[in-house]
Amino acid sequence: MSGTTKPFRRNNPSGFDALLMLLIVVAAVVAAFPLVWMVLSSFKTPAESMQVPPVWLPKTPSLDSYAEVAGVINAGRSFWNSAVIATVTTAGILVTSLMAGYAFAKYRFRGRDALFALLIATMFLPPIVTLIPLYRLVSYIGLNGSLFGVIVPHLANAFGIFLMRQFIAGVPDDLIDAARVDGASELRIVFSVVAPAVVPALAALTLFAFVYHWNTYLWPLTVLQGNTDDYPIVISLSRLLSYNRGAMNTHLVMAGATLAVLPPLVMFVLLQRFFVDSIVSSGVKG
Amino acid sequence: MMKLTRLKLALAAAVALPASAFAEPVNISYLTHWSPETVALLEAAAASYSEANPDVTITVQAVPFGDLLTTIRSQGGGAGGPTIASIYDLWLPELARDGLVEKAPEAVSGDVGAAWPAGIAAAASVDGAVYGIPNEINVYALNYNKALFEEAGIAEPPATWDALKEAAAAITASGEGRQGFGMINSWAAGVVHPFSSLLVSNGGDLVVDGKPALDSQAAGETFALYEEMIKEGYTDPSMGTADANTTGPFLDNFVSGNTGMIIMANWWESALRAGMGDRFDTIGTAPIPVGPSGDTARSISYSWLTVVNAGAADAEREAAWDFLSWLNGAESGENGASAMSGILMSMGILPSRSSDVEAYQDDLGRDFLAGYVDVLENAKAFPVVLGGQEFSEALQQVIESLQYGQVDAQEAQANAQADAESILERAKQ
Amino acid sequence: MATMTRSTITVMLAPAVTLIGVFILVPMALTVWLSFHDWSTQTGFETARYVGLRNYQDIVGPISVGRDFKRAFVNTAIYTALSVAIILPLSVMLGLLVYQTRVRGGHLLRAVLFSTYMVPMVAVALVWSKLYSPAEGPINQMLGWVGVAPGTWLSSPDTALVSIVFLNVWQQVGYFTVLIIAGLTQIPNALYEAARIDGANPVQEFFGITLPLLRRTLLFSAVIAVINAVQVFEPVALITQGGPAGSTNVLTYHIRRVGIERAQGGLGSAMAVTLMLSLIVVVVALFAFARKGERE
């Protein structure tokens, strides 16, 4: 029994169990309710979504809202943009984090710890602090108003470097030395020896980065500036709210929100195992 | 002989010039915040222009209202930015100062001066130079719910502030969860324009000769009116919240008959119709009630105009002005109206060109809009000055803090004047 | 650990260091520099005009620039403090619920909680604005069923900021719950065994073992929660626009409005620097507080 010994292991009256069960159910219902409401509302007619008192279950569930959303915001294009932004950014983060994480974990050089600390400090910097000059800087480089402008500034981040260093530190030196003896270049070692050894961490980083960059709003909004062709889905979604002065489009907003939520949720279902593991090993020890 | 040759040359040049200017295919873009249905109408108009001018193609780019100014600011002035942009007149002074928009060519500015009422042409100008072609005009009036008035035993919409308070008191008392007079919050224009309409109807002004005039007695009385309406419970500020879509509880409460009166602009007709259906007929339009220091009912107006990107190529700018002159000119629409006015009328928005107003006389005569057309004559343009946007947002904050009882009327007035002085002063530097 | 040639090290570090340098560290330095200048964000950096400390004087001054900033600063502080004060205890409670094995459902709860963290904040904001809707929203309807008067939620300056805290907590608590679970797995079972032998009850176990040993996790959670809270933007930009009566005007929203929309780059930068300095103070204070607790 000691393997499962945890807090609350005492043999209390069964009323305690009932209380625990009740708490779990209440917590799960409260957490799920807004999402359930969102999905239900997306099937309502415009009139139903404005009804007082509110209607819970749509009388005649319809998919009209979804068709209408597609017409208003060019949903296909927006989804594609979000996919490009999230995928390319994530790929970039994986590569830069692996390389830098490897160097910080396995190399000795002067100023290493200071440089690492400097990079890690940027993890705690809210994006708004650099937004104003970054906005101008990006237009100097000629990246404003394009997907490049959204992607390029985020191809490396401190969290990825930190996570990779933590995990690569645990990769045995022998493994790396053996590859060196075989004459493998350092770059080759990073991608064909070290990377396979830290797959769970890479999976977790993939999920973190993909979800973050699928959902992020402030920077694309600032850098794209009305270039509607390049809008990711979250910005198009916010446009649903204001696409028509004075219009009431709750049903549209709910349908659009439902669509936008799907990809990160699918990603989560696929990779959640790694997500939790990586938090366990990175968050707390750090 | 010499003279004749010269004349011939001049003639040849005159004929050749317009053609040669467009000889190369030109692509111009038109930035607006209109909804997809309205964009489709604009695209149709652009297509018929391109039929007659095959070298010019026009693409329409639409962004939400909230992104419009930043889009113009960041993309405008550059070669890649939109050639034409539709703007709110308040933004013009800054855009002109930063060199992002081009002065209208002489022919266009002459036409604007001749074909539009003087006040509206002035709002499209900075220091006397015309920068764009005005299109929509919005004006504020009192909307009231006739059914609630009847229930409360009031025959007429209020013509004075005293009558306004009486009517508001009666309606507030006539039912649970009702407010007599609705005030909007959380949306700059929705807060500031109704306040300013009451102010000018009380003989006051926001800005006189480029200096803020919120320290006047008329302004003091307006702040005091707000304070009284709130204190007496005729207005419930929590019923007046707006969201980023300029809808929200303030609209819902008026639509569902919880609000007796509200001061709003003509463009919300479509929202009322959509929300009220048959009950839309119970909504009346009346002039802004006159305050104790006022002599006649006045109101606030603001307009929109189209401007041309100063950073665009010569041929693009030339094509843009030509297209805009056509779009807003008397030949492009039906019955002597402009194509632009047809698009505006589809949204229930008032056109401003004098010949357009004439052409749409019948449509503008319909009950709801007629009340707005009537007040247009005595409307004052919301001041178009450098720093106008920030001025407007600061005044919004002051009025909202008064609405929610965070300051009293005197303090609100003092803050409003001090803010305005510092903002307008800073903007001039 | 190997000592490598300079070129190898450079190759490995160049991509990450260059990107972070150009897109975070350089802008960071520029923010500080711009905060001493009068500068329109729509023009090149060369047009910046040195004005000394004037921007800083203005943002704490009595006129609207200063009033709005101070209001936004206080709002952000309240928002952050409330978020942390709700998220930490709640995530400990939920973490224990997920971690316990007496009754089933822990894993399901974790999955539900964590899935809310995947939802884009834009969608969260839009959905919650409808949930909060005074008349056609389900929250007031449900309150009515149990005889509670309808809340004003986003419509009143007294409740709007708290309403946004709630939706933030809803979205984020799953992430922090997982952090807490991670912390709980690090606590050796032997400690609980020993406590049981000593006859400790669950309450004593919680305050004697669980909470003290979660200190590092809680410190980490608090720092992350603070950093996340000051970034709140979407609900304000999409629903309240900072209102009513400035009650939800928070710094990320306000700095963007001043620095980007009004193009007052110098003023916006001074606000950003003030935010950054305040954050440093808060984070250092949190660490000092945790260290003091550890010594005791």
# chains A, B, ... in the order shown; residues from 1 in each chain; ligands from 1
$ residues_around --residues "range 180-190 of chain B" --least-positions-apart "3" --cutoff "6 Å" --atoms "only C-alpha atoms" --output "MDAnalysis selection string"
(chainID B and resid 168 171:172 193 234:235 240:242 259:262 393 396) or (chainID C and resid 243:244)
$ write_last_selection --atoms "N, CA and C atoms" --output "PDB file, in the first residue's frame"
ATOM      1  N   ALA B 168     -37.825  62.132 -17.543  1.00  0.00           N
ATOM      2  CA  ALA B 168     -36.961  61.054 -17.044  1.00  0.00           C
ATOM      3  C   ALA B 168     -37.464  60.548 -15.700  1.00  0.00           C
ATOM      4  N   ILE B 171     -40.688  58.430 -16.230  1.00  0.00           N
ATOM      5  CA  ILE B 171     -40.439  57.104 -16.831  1.00  0.00           C
ATOM      6  C   ILE B 171     -39.733  56.197 -15.829  1.00  0.00           C
ATOM      7  N   THR B 172     -38.761  56.759 -15.112  1.00  0.00           N
ATOM      8  CA  THR B 172     -38.045  55.951 -14.124  1.00  0.00           C
ATOM      9  C   THR B 172     -39.024  55.393 -13.095  1.00  0.00           C
ATOM     10  N   HIS B 193     -19.938  62.579 -27.382  1.00  0.00           N
ATOM     11  CA  HIS B 193     -20.828  63.272 -28.330  1.00  0.00           C
ATOM     12  C   HIS B 193     -22.188  63.651 -27.741  1.00  0.00           C
ATOM     13  N   TYR B 234     -32.433  58.989 -12.333  1.00  0.00           N
ATOM     14  CA  TYR B 234     -33.054  58.981 -13.657  1.00  0.00           C
ATOM     15  C   TYR B 234     -32.178  58.221 -14.653  1.00  0.00           C
ATOM     16  N   THR B 235     -30.897  58.115 -14.325  1.00  0.00           N
ATOM     17  CA  THR B 235     -29.949  57.411 -15.175  1.00  0.00           C
ATOM     18  C   THR B 235     -29.222  56.385 -14.333  1.00  0.00           C
ATOM     19  N   GLY B 240     -25.662  51.401 -19.126  1.00  0.00           N
ATOM     20  CA  GLY B 240     -25.215  52.121 -20.311  1.00  0.00           C
ATOM     21  C   GLY B 240     -23.878  51.682 -20.872  1.00  0.00           C
ATOM     22  N   THR B 241     -23.414  50.506 -20.467  1.00  0.00           N
ATOM     23  CA  THR B 241     -22.098  50.072 -20.923  1.00  0.00           C
ATOM     24  C   THR B 241     -22.127  49.705 -22.403  1.00  0.00           C
ATOM     25  N   ALA B 242     -21.067  50.054 -23.096  1.00  0.00           N
ATOM     26  CA  ALA B 242     -20.903  49.656 -24.497  1.00  0.00           C
ATOM     27  C   ALA B 242     -19.731  48.695 -24.580  1.00  0.00           C
ATOM     28  N   THR B 259     -35.082  51.670 -21.226  1.00  0.00           N
ATOM     29  CA  THR B 259     -34.545  53.025 -21.247  1.00  0.00           C
ATOM     30  C   THR B 259     -35.514  53.911 -22.020  1.00  0.00           C
ATOM     31  N   GLY B 260     -35.906  55.024 -21.414  1.00  0.00           N
ATOM     32  CA  GLY B 260     -36.900  55.884 -22.039  1.00  0.00           C
ATOM     33  C   GLY B 260     -36.351  56.761 -23.148  1.00  0.00           C
ATOM     34  N   MET B 261     -35.177  57.376 -22.878  1.00  0.00           N
ATOM     35  CA  MET B 261     -34.594  58.296 -23.859  1.00  0.00           C
ATOM     36  C   MET B 261     -33.090  58.076 -23.896  1.00  0.00           C
ATOM     37  N   ILE B 262     -32.513  58.374 -25.047  1.00  0.00           N
ATOM     38  CA  ILE B 262     -31.062  58.295 -25.169  1.00  0.00           C
ATOM     39  C   ILE B 262     -30.650  59.226 -26.292  1.00  0.00           C
ATOM     40  N   GLU B 393     -10.827  61.257 -25.548  1.00  0.00           N
ATOM     41  CA  GLU B 393     -10.698  60.140 -24.603  1.00  0.00           C
ATOM     42  C   GLU B 393     -10.551  60.640 -23.160  1.00  0.00           C
ATOM     43  N   GLN B 396     -13.929  61.725 -22.003  1.00  0.00           N
ATOM     44  CA  GLN B 396     -14.692  60.504 -21.721  1.00  0.00           C
ATOM     45  C   GLN B 396     -14.424  60.013 -20.294  1.00  0.00           C
TER      46      GLN B 396
ATOM     47  N   GLY C 243     -13.009  50.493 -19.778  1.00  0.00           N
ATOM     48  CA  GLY C 243     -14.085  51.061 -18.963  1.00  0.00           C
ATOM     49  C   GLY C 243     -14.743  50.009 -18.101  1.00  0.00           C
ATOM     50  N   PRO C 244     -15.841  50.277 -17.441  1.00  0.00           N
ATOM     51  CA  PRO C 244     -16.440  51.614 -17.305  1.00  0.00           C
ATOM     52  C   PRO C 244     -15.643  52.514 -16.353  1.00  0.00           C
TER      53      PRO C 244
END
$ residues_around --residues "range 82-86 of chain B" --least-positions-apart "4" --cutoff "8 Å" --atoms "only C-alpha atoms" --output "ChimeraX atom specification"
/B:28-33,72,75-76,304-309,312,316-317,320
$ atom_distance --atom1 "CA of Val178 in chain C" --atom2 "CA of Ser115 in chain C"
11.6 Å
$ residues_around --residues "Phe280 in chain B" --least-positions-apart "3" --cutoff "10 Å" --atoms "only C-alpha atoms" --output "list of chain:residue names"
B:Asn145, B:Val255, B:Glu269, B:Leu272, B:Arg273, B:Ala274, B:Gly275, B:Met276, B:Gly277, B:Ile283, B:Gly284, B:Phe368
$ write_last_selection --atoms "N, CA and C atoms" --output "mmCIF file, in the first residue's frame"
data_model
loop_
_atom_site.group_PDB
_atom_site.id
_atom_site.type_symbol
_atom_site.label_atom_id
_atom_site.label_comp_id
_atom_site.auth_asym_id
_atom_site.auth_seq_id
_atom_site.Cartn_x
_atom_site.Cartn_y
_atom_site.Cartn_z
ATOM 1 N N ASN B 145 -38.663 56.465 -26.578
ATOM 2 C CA ASN B 145 -39.574 55.343 -26.738
ATOM 3 C C ASN B 145 -41.001 55.825 -26.464
ATOM 4 N N VAL B 255 -33.388 48.871 -26.613
ATOM 5 C CA VAL B 255 -34.165 47.991 -27.486
ATOM 6 C C VAL B 255 -35.275 47.285 -26.709
ATOM 7 N N GLU B 269 -29.646 53.380 -36.568
ATOM 8 C CA GLU B 269 -30.964 52.954 -37.031
ATOM 9 C C GLU B 269 -31.002 51.457 -37.354
ATOM 10 N N LEU B 272 -31.150 49.331 -34.281
ATOM 11 C CA LEU B 272 -32.465 49.378 -33.641
ATOM 12 C C LEU B 272 -33.469 48.530 -34.409
ATOM 13 N N ARG B 273 -33.447 48.668 -35.718
ATOM 14 C CA ARG B 273 -34.365 47.879 -36.541
ATOM 15 C C ARG B 273 -34.140 46.391 -36.318
ATOM 16 N N ALA B 274 -32.856 45.995 -36.330
ATOM 17 C CA ALA B 274 -32.536 44.574 -36.162
ATOM 18 C C ALA B 274 -32.981 44.083 -34.792
ATOM 19 N N GLY B 275 -32.777 44.917 -33.783
ATOM 20 C CA GLY B 275 -33.086 44.478 -32.431
ATOM 21 C C GLY B 275 -34.568 44.544 -32.088
ATOM 22 N N MET B 276 -35.312 45.467 -32.709
ATOM 23 C CA MET B 276 -36.691 45.722 -32.285
ATOM 24 C C MET B 276 -37.751 45.159 -33.205
ATOM 25 N N GLY B 277 -37.398 44.912 -34.445
ATOM 26 C CA GLY B 277 -38.403 44.404 -35.375
ATOM 27 C C GLY B 277 -39.557 45.385 -35.507
ATOM 28 N N ILE B 283 -40.122 54.132 -31.780
ATOM 29 C CA ILE B 283 -38.991 55.017 -31.490
ATOM 30 C C ILE B 283 -39.157 56.334 -32.237
ATOM 31 N N GLY B 284 -39.093 57.419 -31.504
ATOM 32 C CA GLY B 284 -39.186 58.727 -32.116
ATOM 33 C C GLY B 284 -37.863 59.468 -32.056
ATOM 34 N N PHE B 368 -37.803 58.160 -38.715
ATOM 35 C CA PHE B 368 -36.647 58.145 -37.837
ATOM 36 C C PHE B 368 -35.573 59.123 -38.313
#
$ closest_residue --among "C:Gln42, C:Thr210, C:Asn249, C:Gln172" --to "Leu191 in chain C" --atoms "only C-alpha atoms"
C:Thr210
$ closest_residue --among "C:Gln57, C:Gln231, C:Ser163, C:Asn140" --to "chain A" --atoms "only C-alpha atoms"
C:Gln231
$ closest_atom_pairs --of "chain C" --to "chain B" --cutoff "9 Å" --atoms "only C-alpha atoms" --output "JSON lines"
{"residue": "C:Gln42", "atom": "CA", "partner": "B:Ser74", "partner_atom": "CA", "distance": 6.5}
{"residue": "C:Thr43", "atom": "CA", "partner": "B:Asp98", "partner_atom": "CA", "distance": 8.6}
{"residue": "C:Pro62", "atom": "CA", "partner": "B:Asp419", "partner_atom": "CA", "distance": 8.9}
{"residue": "C:Ile63", "atom": "CA", "partner": "B:Asp419", "partner_atom": "CA", "distance": 5.4}
{"residue": "C:Ser64", "atom": "CA", "partner": "B:Asp419", "partner_atom": "CA", "distance": 5.4}
{"residue": "C:Val65", "atom": "CA", "partner": "B:Asp419", "partner_atom": "CA", "distance": 8.1}
{"residue": "C:Asp68", "atom": "CA", "partner": "B:Gln397", "partner_atom": "CA", "distance": 8.4}
{"residue": "C:Ser133", "atom": "CA", "partner": "B:Pro249", "partner_atom": "CA", "distance": 7.8}
{"residue": "C:Pro134", "atom": "CA", "partner": "B:Pro249", "partner_atom": "CA", "distance": 7.5}
{"residue": "C:Ala135", "atom": "CA", "partner": "B:Pro249", "partner_atom": "CA", "distance": 8.5}
{"residue": "C:Thr152", "atom": "CA", "partner": "B:Ser238", "partner_atom": "CA", "distance": 7.0}
{"residue": "C:Leu154", "atom": "CA", "partner": "B:Thr241", "partner_atom": "CA", "distance": 8.2}
{"residue": "C:Ser155", "atom": "CA", "partner": "B:Ser238", "partner_atom": "CA", "distance": 4.9}
{"residue": "C:Ser156", "atom": "CA", "partner": "B:Ser238", "partner_atom": "CA", "distance": 5.3}
{"residue": "C:Pro157", "atom": "CA", "partner": "B:Tyr404", "partner_atom": "CA", "distance": 7.5}
{"residue": "C:Ala237", "atom": "CA", "partner": "B:Ala244", "partner_atom": "CA", "distance": 7.5}
{"residue": "C:Leu238", "atom": "CA", "partner": "B:Ala244", "partner_atom": "CA", "distance": 5.7}
{"residue": "C:Ile239", "atom": "CA", "partner": "B:Asp243", "partner_atom": "CA", "distance": 5.2}
{"residue": "C:Thr240", "atom": "CA", "partner": "B:Asp243", "partner_atom": "CA", "distance": 5.7}
{"residue": "C:Gln241", "atom": "CA", "partner": "B:Ser186", "partner_atom": "CA", "distance": 6.3}
{"residue": "C:Gly242", "atom": "CA", "partner": "B:Ser186", "partner_atom": "CA", "distance": 7.1}
{"residue": "C:Gly243", "atom": "CA", "partner": "B:Ser186", "partner_atom": "CA", "distance": 4.5}
{"residue": "C:Pro244", "atom": "CA", "partner": "B:Ser186", "partner_atom": "CA", "distance": 5.0}
{"residue": "C:Ala245", "atom": "CA", "partner": "B:Glu400", "partner_atom": "CA", "distance": 4.6}
{"residue": "C:Gly246", "atom": "CA", "partner": "B:Gln397", "partner_atom": "CA", "distance": 6.5}
{"residue": "C:Ile260", "atom": "CA", "partner": "B:Thr70", "partner_atom": "CA", "distance": 7.5}
{"residue": "C:Glu261", "atom": "CA", "partner": "B:Thr70", "partner_atom": "CA", "distance": 5.7}
{"residue": "C:Arg262", "atom": "CA", "partner": "B:Glu390", "partner_atom": "CA", "distance": 7.6}
{"residue": "C:Ala263", "atom": "CA", "partner": "B:Arg73", "partner_atom": "CA", "distance": 8.7}
$ interface_residues --of "chain A" --to "chain C" --cutoff "6 Å" --atoms "only C-alpha atoms" --output "PyMOL selection string"
chain A and resi 28+52-54+96+99-100+106-108+128-130+133-134+153+156+215+257+261+264+280+284
$ write_last_selection --atoms "N, CA and C atoms" --output "compact mmCIF listing (two decimals), in the first residue's frame"
# COMPACT_ATOMS: atom_id res chain seq x y z
N ALA A 28 -14.98 20.26 -11.92
CA ALA A 28 -14.98 19.90 -13.34
C ALA A 28 -16.12 20.59 -14.08
N VAL A 52 -34.13 36.49 -23.79
CA VAL A 52 -34.12 36.70 -22.34
C VAL A 52 -35.35 36.02 -21.76
N PRO A 53 -35.23 35.16 -20.73
CA PRO A 53 -33.97 34.64 -20.19
C PRO A 53 -33.26 33.72 -21.18
N PRO A 54 -31.97 33.51 -20.98
CA PRO A 54 -31.19 32.74 -21.96
C PRO A 54 -31.72 31.32 -22.17
N THR A 96 16.51 26.34 -32.37
CA THR A 96 17.38 27.25 -31.63
C THR A 96 17.54 26.81 -30.18
N MET A 99 20.01 23.75 -29.94
CA MET A 99 21.41 24.13 -30.12
C MET A 99 21.93 24.90 -28.89
N ALA A 100 21.17 25.91 -28.48
CA ALA A 100 21.64 26.71 -27.35
C ALA A 100 21.61 25.89 -26.06
N LYS A 106 26.40 21.34 -22.13
CA LYS A 106 27.55 20.46 -22.34
C LYS A 106 28.87 21.17 -22.65
N TYR A 107 28.87 22.48 -22.84
CA TYR A 107 30.13 23.17 -23.13
C TYR A 107 30.55 23.97 -21.91
N ARG A 108 31.88 24.17 -21.84
CA ARG A 108 32.41 25.07 -20.83
C ARG A 108 33.00 26.26 -21.55
N ILE A 128 4.87 43.65 -23.45
CA ILE A 128 4.51 45.06 -23.63
C ILE A 128 5.71 45.97 -23.40
N VAL A 129 6.67 45.52 -22.58
CA VAL A 129 7.81 46.38 -22.24
C VAL A 129 8.65 46.69 -23.48
N THR A 130 8.69 45.77 -24.43
CA THR A 130 9.51 46.01 -25.62
C THR A 130 8.67 46.32 -26.86
N PRO A 133 9.35 50.00 -29.20
CA PRO A 133 10.49 50.04 -30.12
C PRO A 133 10.52 48.85 -31.09
N LEU A 134 10.03 47.70 -30.64
CA LEU A 134 10.05 46.51 -31.52
C LEU A 134 9.21 46.76 -32.76
N PRO A 153 10.58 37.48 -34.96
CA PRO A 153 11.03 37.85 -33.61
C PRO A 153 10.86 36.76 -32.56
N ALA A 156 13.26 32.29 -31.32
CA ALA A 156 14.02 31.78 -30.18
C ALA A 156 13.37 32.30 -28.92
N ASN A 215 -2.37 30.99 -30.08
CA ASN A 215 -3.28 31.83 -29.30
C ASN A 215 -2.87 33.28 -29.19
N ALA A 257 -15.33 31.12 -32.12
CA ALA A 257 -14.53 30.74 -30.96
C ALA A 257 -14.37 29.22 -30.91
N VAL A 261 -10.71 27.21 -31.00
CA VAL A 261 -10.27 26.44 -29.85
C VAL A 261 -9.80 25.04 -30.26
N PRO A 264 -5.66 23.92 -30.77
CA PRO A 264 -4.87 23.75 -29.54
C PRO A 264 -5.39 22.61 -28.68
N VAL A 280 6.66 19.00 -14.55
CA VAL A 280 7.19 18.36 -13.35
C VAL A 280 8.70 18.54 -13.29
N VAL A 284 9.59 22.88 -11.33
CA VAL A 284 9.86 22.83 -9.91
C VAL A 284 11.34 22.84 -9.60
$ select_by_dssp --residues "range 61-292 of chain C" --states "alpha helix (DSSP H)" --output "MDAnalysis selection string"
chainID C and resid 64:99 106:118 121:131 138:145 160:185 189:197 202:205 211:213 215:229 234:235 251:256 265:292
$ atom_distance --atom1 "CA of Ala149 in chain C" --atom2 "CA of Ser42 in chain A"
27.9 Å
$ residues_around --residues "Ala105 in chain A" --least-positions-apart "4" --cutoff "9 Å" --atoms "only C-alpha atoms" --output "list in words"
Ala100, Gly101, Met164, Arg165, Gln166, Phe167, Ile168, Ala169 and Gly170 of chain A; Met1 of chain C
$ closest_residue --among "A:Val72, A:Leu19, A:Ala31, A:Ala117" --to "chain B" --atoms "only C-alpha atoms"
A:Val72
$ residues_around --residues "range 287-290 of chain B" --least-positions-apart "2" --cutoff "10 Å" --atoms "only C-alpha atoms" --output "NGL selection string"
:B and (140-143 or 157-164 or 194 or 197-203 or 263 or 285 or 292-300 or 371-372 or 374-376 or 378)
$ write_last_selection --atoms "C-alpha atoms" --output "mmCIF file, in the first residue's frame"
data_model
loop_
_atom_site.group_PDB
_atom_site.id
_atom_site.type_symbol
_atom_site.label_atom_id
_atom_site.label_comp_id
_atom_site.auth_asym_id
_atom_site.auth_seq_id
_atom_site.Cartn_x
_atom_site.Cartn_y
_atom_site.Cartn_z
ATOM 1 C CA TYR B 140 -26.894 63.407 -32.659
ATOM 2 C CA ALA B 141 -30.526 63.684 -31.637
ATOM 3 C CA LEU B 142 -32.775 62.520 -28.844
ATOM 4 C CA ASN B 143 -34.308 59.093 -29.439
ATOM 5 C CA PRO B 157 -40.609 64.678 -26.199
ATOM 6 C CA PRO B 158 -38.814 67.157 -23.892
ATOM 7 C CA ALA B 159 -37.732 70.431 -25.468
ATOM 8 C CA THR B 160 -35.883 71.825 -22.441
ATOM 9 C CA TRP B 161 -33.662 70.406 -19.721
ATOM 10 C CA ASP B 162 -36.430 70.861 -17.154
ATOM 11 C CA ALA B 163 -38.806 68.887 -19.337
ATOM 12 C CA LEU B 164 -36.059 66.299 -19.824
ATOM 13 C CA PRO B 194 -24.127 63.163 -26.384
ATOM 14 C CA SER B 197 -24.702 67.870 -27.889
ATOM 15 C CA LEU B 198 -26.273 68.896 -24.595
ATOM 16 C CA LEU B 199 -23.449 71.383 -24.080
ATOM 17 C CA VAL B 200 -23.937 73.133 -27.432
ATOM 18 C CA SER B 201 -27.702 73.049 -26.916
ATOM 19 C CA ASN B 202 -26.977 75.003 -23.752
ATOM 20 C CA GLY B 203 -25.110 77.671 -25.714
ATOM 21 C CA ILE B 263 -28.979 60.653 -27.258
ATOM 22 C CA THR B 285 -36.495 61.277 -32.916
ATOM 23 C CA PRO B 292 -31.038 77.183 -19.356
ATOM 24 C CA SER B 293 -28.229 79.136 -21.070
ATOM 25 C CA GLY B 294 -29.160 78.042 -24.579
ATOM 26 C CA ASP B 295 -31.422 79.742 -27.074
ATOM 27 C CA THR B 296 -32.116 77.034 -29.631
ATOM 28 C CA ALA B 297 -31.760 73.275 -30.019
ATOM 29 C CA ARG B 298 -28.307 72.420 -31.290
ATOM 30 C CA SER B 299 -26.357 69.242 -31.630
ATOM 31 C CA ILE B 300 -22.981 67.770 -32.530
ATOM 32 C CA GLY B 371 -35.668 63.999 -37.077
ATOM 33 C CA TYR B 372 -31.951 63.806 -37.723
ATOM 34 C CA ASP B 374 -33.936 68.475 -39.166
ATOM 35 C CA VAL B 375 -31.277 68.963 -36.521
ATOM 36 C CA LEU B 376 -28.456 68.930 -39.067
ATOM 37 C CA ASN B 378 -28.120 73.702 -36.304
#
$ decode --residues "range 254-273 of chain A" --atoms "C-alpha atoms" --output "mmCIF file, in the first residue's frame"
data_model
loop_
_atom_site.group_PDB
_atom_site.id
_atom_site.type_symbol
_atom_site.label_atom_id
_atom_site.label_comp_id
_atom_site.auth_asym_id
_atom_site.auth_seq_id
_atom_site.Cartn_x
_atom_site.Cartn_y
_atom_site.Cartn_z
ATOM 1 C CA MET A 254 -19.464 31.505 -30.484
ATOM 2 C CA ALA A 255 -19.069 29.542 -33.704
ATOM 3 C CA GLY A 256 -15.804 31.307 -34.483
ATOM 4 C CA ALA A 257 -14.527 30.743 -30.958
ATOM 5 C CA THR A 258 -15.387 27.046 -31.172
ATOM 6 C CA LEU A 259 -13.376 26.740 -34.386
ATOM 7 C CA ALA A 260 -10.395 28.604 -32.961
ATOM 8 C CA VAL A 261 -10.271 26.439 -29.850
ATOM 9 C CA LEU A 262 -10.115 23.144 -31.717
ATOM 10 C CA PRO A 263 -6.489 22.975 -32.914
ATOM 11 C CA PRO A 264 -4.870 23.752 -29.544
ATOM 12 C CA LEU A 265 -7.243 21.300 -27.860
ATOM 13 C CA VAL A 266 -6.369 18.549 -30.319
ATOM 14 C CA MET A 267 -2.695 19.311 -29.800
ATOM 15 C CA PHE A 268 -3.266 19.038 -26.067
ATOM 16 C CA VAL A 269 -5.035 15.693 -26.275
ATOM 17 C CA LEU A 270 -2.196 14.329 -28.399
ATOM 18 C CA LEU A 271 0.655 15.610 -26.268
ATOM 19 C CA GLN A 272 -0.721 16.184 -22.774
ATOM 20 C CA ARG A 273 1.315 13.341 -21.280
#
